[in-house]
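Q: I'd like to ask you about the structure that follows.
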Amino acid sequence: MNKINGYTEEEAKTLVEFIKEGKSRGKTLTYLFEAYGLKHGRAKGSVRNYYYAFMKNEKRDERIVRLLDGSSLSVEKIREFTEEETDEVLKNILKEKSKGLSVRRAIFNLSGGDDKLMLRLQNKYRNTLKKEPQRIAAIAERLGLTEEVQTLRARAEGRRVERPVLPDQAFLQRRLENEINALYDRLAQALKAENERLRTENKKLKEELLAK
């Protein structure tokens, strides 16, 4: 079955009609992406990404032209970050990460819950991490984030960095291993006792059958 950017033509048609109807009622795209996702079992972000990719090809794919059927659906043109803005975005994300937060949480905090801004920040960080990890490493170095620098430089060189195990972590790791070993011992003893009980019952049953 032919697909349009990963959706079947029927799915794409359903999304277009849903967006058309929602926009006619004054609903925002953010609201519609979430509502469509809930209704069809898709994540809001994936619906949003699909719609933007779909509209990006509106003049190059005849199937999309046919589905839009002259409608006024559109997407806002997203302004690209300047080089200075990119460095500032990366610096702020790294500062949030240095507090022990995940990238996702750091971006959420910086966007103030604004979905569009969150998507822009996320895409910028991911694209830079993929194409220019050394750029992020340089910013991390200026911020004094040594561990982050090591990880990013290793990524740029295509190698992995084993993070050192701190004393407290080593203690917790040993304790966890001891607890797991103790659990295995208890399970083995319980299994041995159960097998012995079954053998005894089986022997008794055989004796009763022979006595009849």
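Chain labels A, B, ... are given in the sequence in which chains occur in the structure tokens; within each chain residues are numbered consecutively from 1, and ligands are likewise numbered from 1 in the order shown.
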Within 9 Å of A:Leu129, counting only C-alpha atoms, which residues show up once you throw out same-chain ones fewer than 6 positions away? Write them as a PyMOL selection string, please.
A: chain A and resi 135-136+152+155-156
Q: Residues near stretch 27-35 of chain A, anyone? I mean within 7 Å using only C-alpha atoms, not counting same-chain ones fewer than 6 positions away, as a PyMOL selection string.
A: chain A and resi 19+44+47-48
Q: Could you list, as a ChimeraX atom specification, every residue within 10 Å of stretch 79-86 of chain A, counting only C-alpha atoms and ignoring same-chain residues fewer than 5 positions away?
A: /A:91-92,120-121,124-125,128
Q: For the selection just defined, write its residues with N, CA and C atoms to a file, as a PDB file, in the first residue's frame.
A:
```pdb
ATOM      1  N   LYS A  91      24.069  26.661  25.346  1.00  0.00           N
ATOM      2  CA  LYS A  91      24.607  27.003  26.673  1.00  0.00           C
ATOM      3  C   LYS A  91      23.534  26.846  27.747  1.00  0.00           C
ATOM      4  N   ASN A  92      22.338  27.318  27.465  1.00  0.00           N
ATOM      5  CA  ASN A  92      21.259  27.232  28.456  1.00  0.00           C
ATOM      6  C   ASN A  92      20.829  25.790  28.714  1.00  0.00           C
ATOM      7  N   ARG A 120      11.378  23.472  18.674  1.00  0.00           N
ATOM      8  CA  ARG A 120      12.514  24.146  18.043  1.00  0.00           C
ATOM      9  C   ARG A 120      13.810  23.889  18.811  1.00  0.00           C
ATOM     10  N   LEU A 121      13.747  24.010  20.132  1.00  0.00           N
ATOM     11  CA  LEU A 121      14.927  23.784  20.962  1.00  0.00           C
ATOM     12  C   LEU A 121      15.400  22.340  20.859  1.00  0.00           C
ATOM     13  N   LYS A 124      16.972  21.708  17.431  1.00  0.00           N
ATOM     14  CA  LYS A 124      18.272  22.369  17.328  1.00  0.00           C
ATOM     15  C   LYS A 124      19.340  21.595  18.106  1.00  0.00           C
ATOM     16  N   TYR A 125      19.001  21.177  19.324  1.00  0.00           N
ATOM     17  CA  TYR A 125      19.981  20.446  20.135  1.00  0.00           C
ATOM     18  C   TYR A 125      20.316  19.097  19.499  1.00  0.00           C
ATOM     19  N   THR A 128      22.403  19.533  16.283  1.00  0.00           N
ATOM     20  CA  THR A 128      23.775  19.957  16.588  1.00  0.00           C
ATOM     21  C   THR A 128      24.559  18.803  17.206  1.00  0.00           C
TER      22      THR A 128
END
```
Q: Which residue gives the smallest distance to A:Lys116 among A:Asn49, A:Thr200, A:Thr8, A:Asn195, with only C-alpha atoms counted?
A: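 So, comparing all the options, the nearest one is A:Asn49.
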Q: A:Leu143: which residues within 9 Å, counting only C-alpha atoms, same-chain residues fewer than 3 positions away excluded, as a VMD selection string?
A: chain A and resid 91 94 to 95 138 to 140 146
